[in-house]
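K.L.:
One file: run_13.txt (compact mmCIF, C-alpha atoms).
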```txt
# COMPACT_ATOMS: atom_id res chain seq x y z
CA MET A 1 104.74 99.96 89.04
CA PRO A 2 103.96 96.32 89.88
CA ARG A 3 100.44 95.59 91.03
CA ILE A 4 99.90 95.12 94.75
CA SER A 5 97.93 91.95 95.50
CA THR A 6 96.44 93.10 98.83
CA PRO A 7 97.03 96.74 99.74
CA TYR A 8 96.60 98.31 103.15
CA ILE A 9 93.33 100.30 103.06
CA MET A 10 92.08 103.10 105.32
CA ASP A 11 88.61 104.56 105.62
CA ILE A 12 87.59 107.49 107.81
CA GLU A 13 84.17 108.53 109.09
CA ALA A 14 83.82 112.19 110.00
CA SER A 15 81.67 114.66 111.91
CA GLY A 16 80.48 116.23 108.69
CA PHE A 17 81.26 116.88 105.07
CA GLY A 18 82.78 120.36 105.05
CA PRO A 19 86.08 122.02 105.97
CA ASP A 20 85.21 122.20 109.70
CA SER A 21 84.65 118.44 109.96
CA TYR A 22 87.06 116.10 111.72
CA PRO A 23 87.66 112.34 111.99
CA ILE A 24 85.48 110.40 114.41
CA GLU A 25 86.36 106.84 113.35
CA ILE A 26 89.28 105.29 111.49
CA GLY A 27 89.27 101.80 110.04
CA VAL A 28 92.17 99.95 108.46
CA ALA A 29 92.24 96.68 106.55
CA LEU A 30 95.73 95.20 106.74
CA ALA A 31 97.35 93.09 104.01
CA ASP A 32 97.12 89.94 106.18
CA GLY A 33 93.33 90.28 106.54
CA ALA A 34 93.38 91.76 110.05
CA ARG A 35 91.33 94.88 110.73
CA PHE A 36 91.76 97.86 113.02
CA CYS A 37 88.98 100.22 114.02
CA SER A 38 88.85 103.04 116.53
CA LEU A 39 86.31 105.65 117.48
CA ILE A 40 87.92 109.00 118.29
CA VAL A 41 87.03 111.33 121.15
CA PRO A 42 86.96 114.78 119.50
CA ALA A 43 89.75 117.17 120.45
CA ALA A 44 88.58 120.12 122.57
CA ASP A 45 88.43 122.52 119.60
CA TRP A 46 86.60 120.04 117.32
CA THR A 47 83.03 121.23 117.69
CA HIS A 48 81.42 120.95 114.24
CA TRP A 49 78.68 118.31 114.02
CA ASP A 50 76.46 117.53 111.04
CA ASP A 51 73.34 115.47 111.77
CA SER A 52 73.17 114.32 108.14
CA ALA A 53 76.67 112.80 108.47
CA GLN A 54 75.53 111.05 111.65
CA GLY A 55 72.63 109.69 109.61
CA VAL A 56 75.14 107.99 107.31
CA HIS A 57 77.54 106.49 109.86
CA ASN A 58 75.18 106.22 112.85
CA ILE A 59 77.87 107.31 115.30
CA SER A 60 76.66 109.77 117.92
CA ARG A 61 78.70 112.21 119.96
CA ASP A 62 77.73 110.23 123.05
CA MET A 63 79.16 107.05 121.47
CA LEU A 64 82.44 108.85 120.88
CA LYS A 65 82.60 110.02 124.50
CA ARG A 66 81.78 106.55 125.86
CA HIS A 67 83.78 104.34 123.49
CA GLY A 68 86.31 106.58 121.74
CA SER A 69 90.06 106.82 122.21
CA HIS A 70 92.05 110.03 122.62
CA VAL A 71 93.55 111.50 119.41
CA HIS A 72 97.09 110.83 120.67
CA GLN A 73 96.34 107.17 121.33
CA VAL A 74 94.79 106.67 117.87
CA ALA A 75 97.67 108.44 116.11
CA THR A 76 100.23 106.38 118.05
CA GLU A 77 98.45 103.09 117.30
CA LEU A 78 98.24 103.96 113.59
CA ASN A 79 101.95 104.82 113.51
CA GLU A 80 102.92 101.57 115.25
CA MET A 81 100.79 99.48 112.90
CA LEU A 82 101.58 101.29 109.63
CA ALA A 83 105.14 102.65 110.03
CA GLY A 84 106.87 102.93 106.68
CA LYS A 85 103.84 101.67 104.75
CA THR A 86 101.75 103.28 102.04
CA VAL A 87 98.07 102.99 102.88
CA TYR A 88 95.38 103.59 100.27
CA SER A 89 91.99 105.29 100.38
CA ASP A 90 89.14 105.51 97.89
CA GLY A 91 88.24 108.92 99.35
CA TRP A 92 91.73 110.41 99.55
CA VAL A 93 90.55 113.95 98.85
CA VAL A 94 88.65 114.03 102.17
CA ASP A 95 90.44 111.27 104.12
CA LYS A 96 93.90 112.88 103.85
CA PRO A 97 92.85 116.22 105.43
CA TRP A 98 90.97 114.36 108.21
CA LEU A 99 94.01 112.18 108.89
CA LEU A 100 96.30 115.23 108.98
CA ARG A 101 93.87 116.92 111.37
CA LEU A 102 94.07 113.89 113.70
CA PHE A 103 97.87 113.87 113.74
CA GLN A 104 98.06 117.65 114.17
CA ALA A 105 95.70 117.49 117.17
CA ALA A 106 97.74 114.63 118.61
CA GLY A 107 101.03 116.50 118.15
CA VAL A 108 102.48 113.43 116.45
CA ASN A 109 104.26 113.07 113.09
CA MET A 110 102.75 110.49 110.76
CA SER A 111 105.10 107.55 110.07
CA PHE A 112 103.23 106.28 106.99
CA GLN A 113 101.80 107.65 103.76
CA LEU A 114 98.17 107.86 102.63
CA SER A 115 97.62 107.70 98.89
CA SER A 116 94.66 107.45 96.53
CA ILE A 117 93.81 103.88 95.57
CA GLU A 118 93.57 105.02 91.96
CA MET A 119 97.37 105.35 92.07
CA ILE A 120 97.71 101.53 92.05
CA MET A 121 94.76 100.67 89.83
CA THR A 122 94.82 99.99 86.12
CA GLU A 123 92.23 101.42 83.77
CA PRO A 124 90.60 97.99 83.21
CA GLN A 125 90.41 97.56 86.99
CA ILE A 126 88.70 100.94 87.35
CA LEU A 127 86.12 99.84 84.77
CA LEU A 128 85.29 96.75 86.86
CA TRP A 129 85.21 98.62 90.18
CA ASP A 130 81.60 99.79 90.61
CA ASP A 131 79.94 96.51 89.58
CA THR A 132 82.38 94.46 91.67
CA LYS A 133 81.91 96.65 94.74
CA ALA A 134 78.11 96.51 94.40
CA ARG A 135 78.19 92.70 94.14
CA LEU A 136 80.52 92.33 97.14
CA THR A 137 78.42 94.77 99.19
CA GLU A 138 75.33 92.67 98.54
CA GLU A 139 77.14 89.38 99.26
CA ALA A 140 78.72 90.66 102.48
CA ASN A 141 75.40 91.99 103.82
CA LEU A 142 77.23 94.27 106.25
CA GLN A 143 74.85 95.51 108.91
CA ARG A 144 76.73 98.66 109.85
CA HIS A 145 78.28 101.45 107.80
CA ARG A 146 81.55 101.65 109.71
CA ALA A 147 85.12 102.52 108.81
CA SER A 148 86.64 99.04 109.23
CA ASN A 149 83.83 97.44 107.19
CA ASP A 150 84.32 100.04 104.47
CA ALA A 151 88.12 99.54 104.46
CA TRP A 152 87.62 95.77 104.16
CA LEU A 153 85.10 96.22 101.33
CA ILE A 154 87.48 98.51 99.40
CA GLN A 155 90.31 96.01 99.91
CA GLU A 156 88.13 93.11 98.73
CA THR A 157 86.95 95.10 95.70
CA TYR A 158 90.56 95.83 94.80
CA ARG A 159 91.53 92.19 95.25
CA HIS A 160 88.58 90.86 93.22
CA THR A 161 89.11 93.29 90.36
CA ASN A 162 92.81 92.39 90.35
CA GLU A 163 91.98 88.66 90.23
CA ALA A 164 89.44 89.21 87.45
CA LEU A 165 92.14 90.88 85.35
CA ASP A 166 94.62 88.08 86.11
CA ALA A 167 92.03 85.51 85.01
CA THR A 168 91.46 87.43 81.77
CA LEU A 169 95.20 87.54 81.08
CA THR A 170 95.77 83.84 81.78
CA GLY A 171 92.47 82.51 80.48
```
Can you give me the file's structure in the form of structure tokens?
P.N.:
Amino acid sequence: MPRISTPYIMDIEASGFGPDSYPIEIGVALADGARFCSLIVPAADWTHWDDSAQGVHNISRDMLKRHGSHVHQVATELNEMLAGKTVYSDGWVVDKPWLLRLFQAAGVNMSFQLSSIEMIMTEPQILLWDDTKARLTEEANLQRHRASNDAWLIQETYRHTNEALDATLTG
């Protein structure tokens, strides 16, 4: 499989960490550098809330009610933006079920695929990942832990590790 220079990346913040949790914010970093982010008004039967998760993402239920979009609107926007694409996540094991929960609540079929970023990474790239991400996190000095910031950071880490390998191969 040829390496992707700038993959589409998705990150999801959720109401908690367990099986009853649901997506409350979705962020996407597109290949052209644009970003998408949306808070999500919980569906009527989404009631689980974990205060420790809120402590990580700093998104309150009140914020979701005031600034969130309906599940159907978010699912439709994601489909329009990502139709036919493969989008990658560094937390696929939790992000995929949350994404499926969103689309199920919206009553909409997903028109794109979500895959683990490890599927497009090489072993040398994986070895560079943690140090590169830590350096970029410090350089970016992001003030908020939010889904679009996280998606951008994952995309930049992928891009930088890819470039580091290219430099090693050509240098």
K.L.:
Have a look at atom CA of A:Asp20 and atom CA of A:Ile40 and let me know their distance in Å, one decimal.
P.N.:
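Atom CA of A:Ile40 lies at a distance of 16.0 Å from atom CA of A:Asp20.
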K.L.:
Which residues of stretch 9-125 of chain A sit at most 6 Å from stretch 140-160 of chain A, using all atoms listed in the file? Give each one's shortest atom pair and distance in Å (one decimal place), in chain and ascending residue order, as JSON lines.
P.N.:
```
{"residue": "A:Ile9", "atom": "CA", "partner": "A:Ala151", "partner_atom": "CA", "distance": 5.4}
{"residue": "A:Met10", "atom": "CA", "partner": "A:Ala151", "partner_atom": "CA", "distance": 5.4}
{"residue": "A:Asp11", "atom": "CA", "partner": "A:Ala147", "partner_atom": "CA", "distance": 5.1}
{"residue": "A:Ile12", "atom": "CA", "partner": "A:Ala147", "partner_atom": "CA", "distance": 5.6}
{"residue": "A:Ile26", "atom": "CA", "partner": "A:Ala147", "partner_atom": "CA", "distance": 5.7}
{"residue": "A:Gly27", "atom": "CA", "partner": "A:Ser148", "partner_atom": "CA", "distance": 3.9}
{"residue": "A:Val28", "atom": "CA", "partner": "A:Ser148", "partner_atom": "CA", "distance": 5.7}
{"residue": "A:Ala29", "atom": "CA", "partner": "A:Trp152", "partner_atom": "CA", "distance": 5.3}
{"residue": "A:Cys37", "atom": "CA", "partner": "A:Ser148", "partner_atom": "CA", "distance": 5.5}
{"residue": "A:His57", "atom": "CA", "partner": "A:His145", "partner_atom": "CA", "distance": 5.5}
```
K.L.:
Would you compute the distance between atom CA of A:Ala75 and atom CA of A:Phe103? Give it in Å to one decimal.
P.N.:
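It comes out at 5.9 Å.
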K.L.:
My list of candidates is A:Ser52, A:Ser5, A:Thr122, A:Ser21. Which is closest to A:Pro97 when distances are computed with all atoms listed in the file?
P.N.:
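The shortest atom-to-atom distance to A:Pro97 comes from A:Ser21.
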K.L.:
Which residue is closest to A:Leu64? Choose from A:Leu100, A:Ser15, A:Val93, A:Asn109 and count all atoms listed in the file.
P.N.:
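Answer, going by the shortest atom-to-atom distance: A:Ser15.
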K.L.:
Restricting the calculation to all atoms listed in the file: of A:Ile4, A:Val56, A:Val94, A:Ala106, which residue gets closest to A:Val41?
P.N.:
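Result for the nearest residue to A:Val41: A:Ala106.
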K.L.:
Name the residues in contact with A:Ser116 at a cut-off of 10 Å, using only C-alpha atoms, excluding same-chain residues fewer than 5 positions from it; report them as a ChimeraX atom specification.
P.N.:
/A:9,86-93,95-96,121
K.L.:
My list of candidates is A:Asp51, A:Gly68, A:Arg101, A:Asn162. Which is closest to A:Trp129 when distances are computed with only C-alpha atoms?
P.N.:
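Result for the nearest residue to A:Trp129: A:Asn162.
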K.L.:
Could you jot down the atom CA of A:Gln54 to atom CA of A:Ser38 separation for me, Å, one decimal place?
P.N.:
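Interatomic distance, atom CA of A:Gln54 to atom CA of A:Ser38: 16.3 Å.
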K.L.:
Restricting the calculation to only C-alpha atoms: of A:Leu102, A:Thr161, A:Pro7, A:Gly55, which residue gets closest to A:Lys85?
P.N.:
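That would be A:Pro7, the residue with the smallest distance to A:Lys85.
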K.L.:
Would you mind listing what lies within 12 Å of A:Thr47 as a count of residues only, with all atoms listed in the file counted and same-chain residues fewer than 2 positions away left out?
P.N.:
16
K.L.:
Which is closest to A:Asp166 among A:Asp130, A:Leu30, A:Leu136, A:Pro124, if we use only C-alpha atoms?
P.N.:
A:Pro124
